[in-house]
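What follows is a set of notes on a single structure, which appears directly below.
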There are 4 protein chains.
Amino acid sequence: MSHNSFGHLFRVTTWGESHGPAIGCTIDGTPPNIRFTLAELQAHLDRRRPGQSRYTTQRQEPDQVRVLSGVMPGEAEGEYISTGTPIALQIDNTDQRSKDYSDIARRYRPGHADVTYDVKYGIRDYRGGGRSSARETAMRVAAGGIARKIVPGLTVRGALVAIGDVWVDRARWDWDEVSRNPFFCPDATTAAKWAELLDGVRKRGSSIGAVVEIVADGVPAGLGAPIYAKLDADIASGLMSINAVKGVEIGDGFAAAALSGEDNADQMRPGTDGKPEYLSNHAGGILGGIATGQPVVARFAVKPTSSILTPRQSVDADGNAVDVMTKGRHDPCVGIRAVPVGEAMVACAVADHFLIDRGQIGATRV
Amino acid sequence: MSHNSFGHLFRVTTWGESHGPAIGCTIDGTPPNIRFTLAELQAHLDRRRPGQSRYTTQRQEPDQVRVLSGVMPGEAEGEYISTGTPIALQIDNTDQRSKDYSDIARRYRPGHADVTYDVKYGIRDYRGGGRSSARETAMRVAAGGIARKIVPGLTVRGALVAIGDVWVDRARWDWDEVSRNPFFCPDATTAAKWAELLDGVRKRGSSIGAVVEIVADGVPAGLGAPIYAKLDADIASGLMSINAVKGVEIGDGFAAAALSGEDNADQMRPGTDGKPEYLSNHAGGILGGIATGQPVVARFAVKPTSSILTPRQSVDADGNAVDVMTKGRHDPCVGIRAVPVGEAMVACAVADHFLIDRGQIGATRV
Amino acid sequence: MSHNSFGHLFRVTTWGESHGPAIGCTIDGTPPNIRFTLAELQAHLDRRRPGQSRYTTQRQEPDQVRVLSGVMPGEAEGEYISTGTPIALQIDNTDQRSKDYSDIARRYRPGHADVTYDVKYGIRDYRGGGRSSARETAMRVAAGGIARKIVPGLTVRGALVAIGDVWVDRARWDWDEVSRNPFFCPDATTAAKWAELLDGVRKRGSSIGAVVEIVADGVPAGLGAPIYAKLDADIASGLMSINAVKGVEIGDGFAAAALSGEDNADQMRPGTDGKPEYLSNHAGGILGGIATGQPVVARFAVKPTSSILTPRQSVDADGNAVDVMTKGRHDPCVGIRAVPVGEAMVACAVADHFLIDRGQIGATRV
Amino acid sequence: MSHNSFGHLFRVTTWGESHGPAIGCTIDGTPPNIRFTLAELQAHLDRRRPGQSRYTTQRQEPDQVRVLSGVMPGEAEGEYISTGTPIALQIDNTDQRSKDYSDIARRYRPGHADVTYDVKYGIRDYRGGGRSSARETAMRVAAGGIARKIVPGLTVRGALVAIGDVWVDRARWDWDEVSRNPFFCPDATTAAKWAELLDGVRKRGSSIGAVVEIVADGVPAGLGAPIYAKLDADIASGLMSINAVKGVEIGDGFAAAALSGEDNADQMRPGTDGKPEYLSNHAGGILGGIATGQPVVARFAVKPTSSILTPRQSVDADGNAVDVMTKGRHDPCVGIRAVPVGEAMVACAVADHFLIDRGQIGATRV
């Protein structure tokens, strides 16, 4: 058992604190002969990177990932070929301003994990949130970049579908729009509303929550496993483990509770390829923990960051009442940068079940 | 890695199909000297048992659990004392009507796992849903009965909070009411509405979804573990692994997405015992994957069962178009019986993290 | 983590005490469409069964195994086909004479685990050794019977190669001889010596140790995995976990320490099939934790049972000095019955790595 | 499941190849508030470091370990305090002479894992043995340095007890002597014989095997766990996973096979502290997989390195017959440097079971 690992056969173990010398991960179980480039990993990391618009934190983290093991050079420039041994990825921490955090060494920020880390461990790296910093999610994104390469034909995309109570208009959904605005919003009209909404939030020194949707196309039918390591249970675990996430849905999710059996069950008819063709996808691509071959659809709710400018009542490590106001450079809506992180967790879960089905070696022979 | 196991140190492995000779589980990691009675386990099982009202399936499953290993007899009548070795629990299958299911051996019921099991394994025990039957959840409830005994002071309770779009009135919430109606409803007024609603559903041969809420009191502050085996991630995995569950929330869950940082973060003040006292519980008792000491609150959405009397379009194993109508004895609202199952999964996750913190032996020495 | 489980993807979890109602195991991860018969499992169990000659305990354990889940009936009489879900096996305990053991409830038998179980757990099922009884190994043999079916072309055979300091004559090795004598001895001449030796041991109420050799033919080249879950490390773990085992070797084992590099390294030349042909097998079929394709050869040392008629100095649970003499029906040489158990552990480890390489589903598609 | 990890709760995952930019490991599960210094880790590493005498390889690996996460600075110079989060350790590779290895890129060195890696993965980092290089064991030693700090009162020492067929004289055993000669030999007289023996081996360009003995004092009685994750099974797995190891023994090991039950079982009498006092230690401190409180004694056999100057018959990756002679800087007896590695694996296994018993948090509260 490893608290800092995700996955069974495709196993990602992360390490590192926000303000240590570096963060990193070890990816164990990657099949041999998987090709990837540093540029591909970096592209995913850049989508998550802060400081790209006024709607995310102004910290500058170049987040240059390095590959330290598990590969041989490929023929193309910057290409790597996996050898089947553990792939170690690492990102140096460069833009650390420890002084920003000195005042919170012993004061618990409400809504943050400061207090629970102290209760559990009796010691804590308080600089920048230490291990509980969202910085850890950079390694998830990097690992996800490799996971995406393992399953032939897999595409994992994400979008922000709500900020506060402003939801995207699904009739206007356009995947191409996602990369054109700073919100991963699939609908330009909603993106404009969010810009206005977030400007207000930011000016008030406040923050707001969001909902992210991940869609994985090309998940082979049959992936997954009853009863406990179900594909949806593993996705739920992966998404819920992301900082600030408080809810996870598959397919219709909570809305399914209000449906009748007639409306909820996805009917089938014979497809042109002899396989079942589904007439709807309320199930979100998973039945009994096993992929149907339809797109896998997952959503997760991200709470508003607790790092806000308004003073809040709290206590310090000595049990005194204190007021805490979080200065520093924070995201008004941490849900935005959670989009590539959610994609990565779904990609990792799918790659993991792909290996369970086909084997570490068999996966590349099929 | 074991697909049919839940938990790290308190590890439950279940086996068995709906219409095999028996179902069972092995509980590995129970500390020694935990006392429990068969009657206690049975009481939990009886709450889940079908056939107790007209709102659940009329199958009669006496579900008499037996303890086959891992215990010595206690001094009291029917009492067991755990020895620290694996506890095997078993329930014989008695009310099997295989003939009810013969027509679905090769016809895929929409919304069920028939098709995905066949795609994955190429073979499937089709009788009564086989391994994907909700019958498996009886072993979860039994295992949960032991988990509850491991953490001193732990109480795990559940209630149904919505059927369809009819939600309980939280102002009327009364835990004592839960056991007085056939819906695990904490509010008698809503229970009456649900009775009417479900009578209609049942008469139409239809089904409807539901939302369950689980509250765990007495979870010691500090339980849990960053980054991946978080207490909330493990609870999410456990609840999402229950049949028909499509969504999981902790604390405010999806509603947190609509909150501001000021409203969402739970403020603290010094408590009378020197520990922080929280002024609210939006977090649902978990921050950074670690328990705060407040009640742990989780909710999950259960889809309507796909076993309905209305014919639905589908295919058979040979790829032909067929209409499928599920006869037999089914629950109009499977969410009802999911309440004790959800309790069990939360109890197992909490017991597991208790052992991770204190150790299999240390747990009983504290 | 599960203390009572063996294997990663082919995962066997055993439960049960010597004098409880039954013993059993759950085998998780068996690929679908594996065919086996009860008679095959029983044949392996019968080889391990006590009471078959005067050289093993006279307890009568019919050891009739039952299959409770994870299968559909095959076309042939008594045939099962695995479905990919957990296979539960169970053997009822029938010949329990609890009275034989009442005097050792609180007296620690030297060389047995009585004292360590009590130190660890503070409670112990003392009847017949409880969980530490060699009876648990019956489930290993049953599980091994299924493991053998998973890897096409795999043959796992075992033989006793030493009792005390009397070793078999390798020049006379004949696998067919193994089933013709009560010692699993591959050499009739040595078998005759052992008969005489053991008659003396038995008459003195003493016991003696033994060495077992397991040879697995047909292990596909490439199975195994660096660095920690090596095929040889997993075999070592599995064999060392058998009761009374104190040493494990692969290939030349400890004798390799006395060799020079020239003599130890197995030279190769091109084989007729284009694959390397090895000129010797000092490595025992494993290099760098990965199978070479040659026979995998493992040996393990079994200590003499500590259940002997000579009184030995000991203490009781209250700390008093006592003399302990183990009455009852015991094996003069427990190493004999360890042969099929060792075969089973090697078969399980090989099947496990086969699944890691090929996948639970891929394994049956290759 | 993770092939490159060791341990259950104290979990070490290593990565890196001999000639990549660095090697490293992540240690997950270390309890908080464990104090250690870089100098302590370095001291263990220096004992394993090559180039210290003419009896080990002349490669110069300064092996300066760095701590990248999981700690806060302690009060003393160079002191770290663990925080309970993953500890990442890293050593840069500096003395890489890739040209030395260019001729073996496609030629399989007999006795090495070249051929099996290629069969398994179809690709391999051939430089310096890549992942199968003994360089990986540096990270085991570093991780072991932290493991040693976790169990109060634990001392793990190792010694070389045989080179070839020359065994130490146990009557002369002196632990202090171990650090005074380049062989970790506990007996000066034998050390002199080994010097002469190895000079001959080295001059012939040959190599020779060895046997290492590890003794762990202060292992708390009760550590360990039946049935499969036994303390001895875990030690066997850990030691067998070290490069070139072909055999593992606990206590009397293979010699136990030749003993009678009277001679093998360790008798007990009441100790002055009320606990059992053992009159001998044939069991090597472990009964039924659980520590007795006596010293835990393990031995392992290391084969002669296959890197020798004598040409050997082999094949290349294209299936051609070739002669292979391993030039470069190699150890005439790799068993020597295996001593600190063996210590580390035993320390890790003991620390792991300590946490299983006491818990990650409970371990530091007891």
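Following the order of the structure tokens, first chain is A, next is B, and so on, with residues numbered from 1 inside each chain and ligands from 1 in the order they appear.
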
Next on the checklist: Could you pull out the strand (DSSP E) residues of stretch 177-301 of chain A, going by DSSP on the backbone, and write them as a PyMOL selection string?
Outcome noted: chain A and resi 210-217+245-250+268-270+276-278+286-287+290-291+296-301

Item to check | All residues 12 Å or closer to C:Leu197, only C-alpha atoms, same chain fewer than 3 positions away omitted, as an MDAnalysis selection string | outcome: (chainID C and resid 55 162:166 183 190:194 200:204 206:209 332:333) or (chainID D and resid 260)

Item to check | For A:Gly20: contacts at 8 Å, only C-alpha atoms, fewer than 3 positions along chain excluded, given as a VMD selection string | outcome: (chain A and resid 16 to 17 23 93) or (chain D and resid 68 to 69)

Kindly export the residues of the current selection with N, CA, C and O atoms, as a tab-separated table (two decimals), in the first residue's frame.
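Listing of out-v7.tsv after writing:
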```tsv
chain	number	residue	atom	x	y	z
A	16	GLY	N	7.24	15.35	-3.51
A	16	GLY	CA	7.66	16.73	-3.59
A	16	GLY	C	6.70	17.72	-2.98
A	16	GLY	O	5.50	17.51	-2.95
A	17	GLU	N	7.26	18.79	-2.48
A	17	GLU	CA	6.50	19.85	-1.88
A	17	GLU	C	6.61	21.12	-2.74
A	17	GLU	O	7.55	21.26	-3.52
A	23	ILE	N	9.82	18.73	-7.64
A	23	ILE	CA	8.77	17.73	-7.51
A	23	ILE	C	9.01	16.69	-8.59
A	23	ILE	O	9.71	16.95	-9.57
A	93	ASN	N	11.66	23.25	-8.80
A	93	ASN	CA	10.92	24.40	-8.30
A	93	ASN	C	11.80	25.63	-8.42
A	93	ASN	O	12.91	25.65	-7.92
D	68	LEU	N	15.31	15.25	-1.61
D	68	LEU	CA	14.55	16.24	-2.37
D	68	LEU	C	13.16	16.54	-1.83
D	68	LEU	O	12.51	17.47	-2.29
D	69	SER	N	12.69	15.73	-0.90
D	69	SER	CA	11.32	15.98	-0.41
D	69	SER	C	11.09	15.22	0.87
D	69	SER	O	11.88	14.37	1.27
```

Counting only C-alpha atoms, which residues of chain D fall within 8 Å of chain A, and what is the closest atom pair for each with its distance in Å at one decimal, ordered by chain and rising number, as a tab-separated table?
```
residue	atom	partner	partner_atom	distance
D:Met1	CA	A:His8	CA	5.1
D:Ser2	CA	A:Asp28	CA	6.3
D:His3	CA	A:Asp28	CA	7.1
D:Asn4	CA	A:Asp28	CA	6.9
D:His8	CA	A:Met1	CA	5.2
D:Leu9	CA	A:Met1	CA	5.6
D:Arg11	CA	A:Ser2	CA	6.5
D:Thr13	CA	A:Thr26	CA	8.0
D:Thr14	CA	A:Pro86	CA	7.9
D:Trp15	CA	A:Pro86	CA	5.5
D:Gly16	CA	A:Ser69	CA	4.9
D:Glu17	CA	A:Ser69	CA	6.3
D:Gly20	CA	A:Ser69	CA	6.2
D:Pro21	CA	A:Leu68	CA	6.0
D:Ala22	CA	A:Leu68	CA	6.5
D:Ile23	CA	A:Ser69	CA	7.8
D:Thr26	CA	A:Trp15	CA	7.2
D:Asp28	CA	A:Ser2	CA	6.3
D:Gly29	CA	A:Ser2	CA	7.1
D:Pro31	CA	A:Tyr121	CA	8.0
D:Pro32	CA	A:Tyr121	CA	5.7
D:Asn33	CA	A:Ile123	CA	7.1
D:Leu68	CA	A:Pro21	CA	6.0
D:Ser69	CA	A:Gly16	CA	4.9
D:Gly70	CA	A:Gly16	CA	6.8
D:Val71	CA	A:Asp125	CA	7.7
D:Met72	CA	A:Asp125	CA	6.6
D:Thr83	CA	A:Ile123	CA	5.7
D:Gly84	CA	A:Tyr121	CA	6.4
D:Thr85	CA	A:Arg131	CA	7.1
D:Pro86	CA	A:Trp15	CA	5.5
D:Ile87	CA	A:Trp15	CA	7.1
D:Ala88	CA	A:Trp15	CA	6.6
D:Lys120	CA	A:Ile361	CA	7.5
D:Tyr121	CA	A:Pro32	CA	5.7
D:Gly122	CA	A:Pro32	CA	7.4
D:Ile123	CA	A:Thr83	CA	5.7
D:Arg124	CA	A:Thr83	CA	5.8
D:Asp125	CA	A:Met72	CA	6.6
D:Arg131	CA	A:Thr85	CA	7.1
D:Ile361	CA	A:Tyr121	CA	7.1
```

Filtering to N, CA and C atoms, could you give me those residues as a CSV table (one decimal), in the first residue's frame?
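Dumped to out29.csv:
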```
chain,number,residue,atom,x,y,z
D,1,MET,N,0.0,-2.9,-7.9
D,1,MET,CA,1.2,-3.7,-8.0
D,1,MET,C,2.2,-2.9,-8.7
D,2,SER,N,3.4,-2.9,-8.2
D,2,SER,CA,4.5,-2.1,-8.7
D,2,SER,C,5.7,-3.0,-8.7
D,3,HIS,N,6.3,-3.2,-9.9
D,3,HIS,CA,7.4,-4.2,-10.0
D,3,HIS,C,8.6,-3.6,-9.4
D,4,ASN,N,8.7,-2.3,-9.3
D,4,ASN,CA,10.0,-1.6,-8.8
D,4,ASN,C,9.8,-1.1,-7.4
D,8,HIS,N,5.3,-2.9,2.0
D,8,HIS,CA,3.9,-2.7,2.1
D,8,HIS,C,3.5,-1.3,2.6
D,9,LEU,N,3.8,-1.0,3.8
D,9,LEU,CA,3.6,0.3,4.4
D,9,LEU,C,4.8,1.2,4.3
D,11,ARG,N,7.4,1.8,1.9
D,11,ARG,CA,7.4,1.3,0.5
D,11,ARG,C,8.4,2.1,-0.3
D,13,THR,N,10.3,2.7,-3.8
D,13,THR,CA,10.3,2.6,-5.2
D,13,THR,C,11.5,3.1,-5.9
D,14,THR,N,12.3,2.3,-6.6
D,14,THR,CA,13.5,2.8,-7.2
D,14,THR,C,13.4,3.0,-8.7
D,15,TRP,N,14.2,3.9,-9.2
D,15,TRP,CA,14.2,4.1,-10.6
D,15,TRP,C,15.6,4.4,-11.1
D,16,GLY,N,15.9,4.4,-12.3
D,16,GLY,CA,17.2,4.8,-12.8
D,16,GLY,C,18.0,3.7,-13.4
D,17,GLU,N,18.8,4.0,-14.4
D,17,GLU,CA,19.7,3.1,-15.0
D,17,GLU,C,21.2,3.5,-14.7
D,20,GLY,N,22.1,6.6,-17.0
D,20,GLY,CA,21.2,7.7,-17.2
D,20,GLY,C,21.8,8.9,-16.4
D,21,PRO,N,21.0,10.0,-16.4
D,21,PRO,CA,21.5,11.1,-15.6
D,21,PRO,C,21.6,10.9,-14.1
D,22,ALA,N,20.7,10.1,-13.6
D,22,ALA,CA,20.7,9.9,-12.1
D,22,ALA,C,20.0,8.6,-11.8
D,23,ILE,N,20.1,8.2,-10.6
D,23,ILE,CA,19.2,7.1,-10.0
D,23,ILE,C,18.5,7.7,-8.8
D,26,THR,N,11.9,6.7,-4.2
D,26,THR,CA,10.9,7.4,-3.4
D,26,THR,C,10.5,6.5,-2.2
D,28,ASP,N,7.9,5.9,0.6
D,28,ASP,CA,6.5,6.3,1.0
D,28,ASP,C,6.2,5.6,2.3
D,29,GLY,N,5.7,6.3,3.2
D,29,GLY,CA,5.2,5.7,4.5
D,29,GLY,C,6.1,6.0,5.7
D,31,PRO,N,7.2,7.4,9.0
D,31,PRO,CA,6.5,8.1,10.0
D,31,PRO,C,7.0,9.5,10.1
D,32,PRO,N,6.2,10.5,10.5
D,32,PRO,CA,6.8,11.8,10.8
D,32,PRO,C,7.7,11.8,12.0
D,33,ASN,N,8.5,12.9,12.0
D,33,ASN,CA,9.4,13.1,13.2
D,33,ASN,C,10.5,12.1,13.3
D,68,LEU,N,15.3,15.2,-1.6
D,68,LEU,CA,14.6,16.2,-2.4
D,68,LEU,C,13.2,16.5,-1.8
D,69,SER,N,12.7,15.7,-0.9
D,69,SER,CA,11.3,16.0,-0.4
D,69,SER,C,11.1,15.2,0.9
D,70,GLY,N,10.0,15.5,1.5
D,70,GLY,CA,9.5,14.8,2.7
D,70,GLY,C,10.2,15.1,4.0
D,71,VAL,N,10.9,16.2,4.0
D,71,VAL,CA,11.6,16.6,5.3
D,71,VAL,C,11.6,18.1,5.5
D,72,MET,N,11.8,18.4,6.8
D,72,MET,CA,12.1,19.8,7.2
D,72,MET,C,13.5,19.7,7.8
D,83,THR,N,8.5,14.4,7.5
D,83,THR,CA,7.2,15.0,7.7
D,83,THR,C,6.1,14.1,7.5
D,84,GLY,N,6.4,12.8,7.1
D,84,GLY,CA,5.4,11.9,6.8
D,84,GLY,C,5.0,11.8,5.3
D,85,THR,N,5.5,12.7,4.6
D,85,THR,CA,5.2,12.7,3.1
D,85,THR,C,6.4,12.0,2.4
D,86,PRO,N,6.2,11.7,1.1
D,86,PRO,CA,7.3,10.8,0.5
D,86,PRO,C,8.7,11.5,0.5
D,87,ILE,N,9.6,10.7,0.8
D,87,ILE,CA,11.0,11.1,0.8
D,87,ILE,C,11.7,10.7,-0.5
D,88,ALA,N,12.1,11.7,-1.3
D,88,ALA,CA,12.7,11.4,-2.6
D,88,ALA,C,14.2,11.5,-2.4
D,120,LYS,N,12.1,-10.0,-23.1
D,120,LYS,CA,10.9,-9.5,-22.5
D,120,LYS,C,10.4,-8.2,-23.1
D,121,TYR,N,11.3,-7.2,-23.2
D,121,TYR,CA,10.9,-5.9,-23.6
D,121,TYR,C,11.2,-5.5,-25.1
D,122,GLY,N,12.1,-6.3,-25.7
D,122,GLY,CA,12.4,-5.9,-27.1
D,122,GLY,C,13.2,-4.7,-27.3
D,123,ILE,N,13.6,-4.1,-26.2
D,123,ILE,CA,14.4,-2.9,-26.1
D,123,ILE,C,15.1,-2.8,-24.8
D,124,ARG,N,16.3,-2.2,-24.7
D,124,ARG,CA,17.0,-2.3,-23.5
D,124,ARG,C,18.1,-1.2,-23.5
D,125,ASP,N,18.3,-0.6,-22.3
D,125,ASP,CA,19.4,0.3,-22.2
D,125,ASP,C,20.6,-0.5,-21.8
D,131,ARG,N,19.2,-0.9,-16.4
D,131,ARG,CA,18.4,-1.1,-15.2
D,131,ARG,C,18.9,-2.3,-14.3
D,361,ILE,N,1.4,6.4,12.0
D,361,ILE,CA,1.4,7.4,13.1
D,361,ILE,C,1.7,6.8,14.4
```

Item to check | Contact residues around D:Glu249 with only C-alpha atoms at 8 Å, ignoring same-chain residues under 6 positions, as a list in words | outcome: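 So the residues in contact are Lys246, Gly247 and Val248 of chain C; Ala236, Ala298, Arg299 and Phe300 of chain D.
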
All residues 9 Å or closer to C:Trp175, only C-alpha atoms, same chain fewer than 5 positions away omitted, as a tab-separated table (two decimals) with all heavy atoms, in the first residue's frame:
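Listed below is the output, part_2.tsv:
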```tsv
chain	number	residue	atom	x	y	z
C	157	ARG	N	6.74	-29.90	-11.65
C	157	ARG	CA	6.91	-31.15	-10.93
C	157	ARG	C	7.83	-30.96	-9.73
C	157	ARG	O	8.69	-30.08	-9.76
C	157	ARG	CB	7.54	-32.21	-11.85
C	157	ARG	CG	6.62	-32.62	-12.98
C	157	ARG	CD	7.28	-33.65	-13.88
C	157	ARG	NE	8.38	-33.08	-14.62
C	157	ARG	CZ	9.03	-33.72	-15.61
C	157	ARG	NH1	8.67	-34.95	-15.95
C	157	ARG	NH2	10.01	-33.14	-16.25
C	158	GLY	N	7.65	-31.78	-8.72
C	158	GLY	CA	8.51	-31.68	-7.56
C	158	GLY	C	8.99	-33.03	-7.10
C	158	GLY	O	8.38	-34.06	-7.42
C	159	ALA	N	10.06	-33.02	-6.37
C	159	ALA	CA	10.59	-34.26	-5.81
C	159	ALA	C	11.30	-33.93	-4.50
C	159	ALA	O	11.79	-32.81	-4.31
C	159	ALA	CB	11.57	-34.91	-6.79
C	185	CYS	N	10.20	-39.54	-4.09
C	185	CYS	CA	11.62	-39.71	-4.35
C	185	CYS	C	11.83	-40.12	-5.81
C	185	CYS	O	11.21	-41.08	-6.28
C	185	CYS	CB	12.22	-40.76	-3.42
C	185	CYS	SG	14.00	-40.98	-3.66
C	186	PRO	N	12.73	-39.43	-6.53
C	186	PRO	CA	12.91	-39.74	-7.96
C	186	PRO	C	13.89	-40.90	-8.18
C	186	PRO	O	14.30	-41.12	-9.31
C	186	PRO	CB	13.47	-38.43	-8.51
C	186	PRO	CG	14.23	-37.85	-7.36
C	186	PRO	CD	13.50	-38.25	-6.11
C	187	ASP	N	14.22	-41.61	-7.14
C	187	ASP	CA	15.32	-42.59	-7.24
C	187	ASP	C	14.98	-43.72	-6.26
C	187	ASP	O	14.99	-43.53	-5.03
C	187	ASP	CB	16.62	-41.85	-6.90
C	187	ASP	CG	17.72	-42.73	-6.35
C	187	ASP	OD1	17.68	-43.95	-6.55
C	187	ASP	OD2	18.63	-42.16	-5.71
```

Checklist entry - Hey, what's within 6 Å of stretch 216-224 of chain B if we count only C-alpha atoms and toss same-chain stuff fewer than 6 positions away? As a ChimeraX atom specification, please? => result /A:116,119-120 /B:153-156,230-231,289-293,295-296,353

Item to check | Which of stretch 75-167 of chain B fall in helix (DSSP H, G or I), as a PyMOL selection string | outcome: chain B and resi 98-104+114-121+127-132+134-150

Item to check | From C:Ile336, C:Val141, C:Ala255, C:Met268, residue lying nearest D:Lys303 [only C-alpha atoms] | outcome: C:Ala255

Checklist entry - What is the distance between atom CA of A:Arg148 and atom CA of C:Gly288, in Å to one decimal? => result 29.7 Å

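The two atoms in question, atom CA of C:Arg127 and atom CA of C:Ala317, are spaced 15.3 Å apart.
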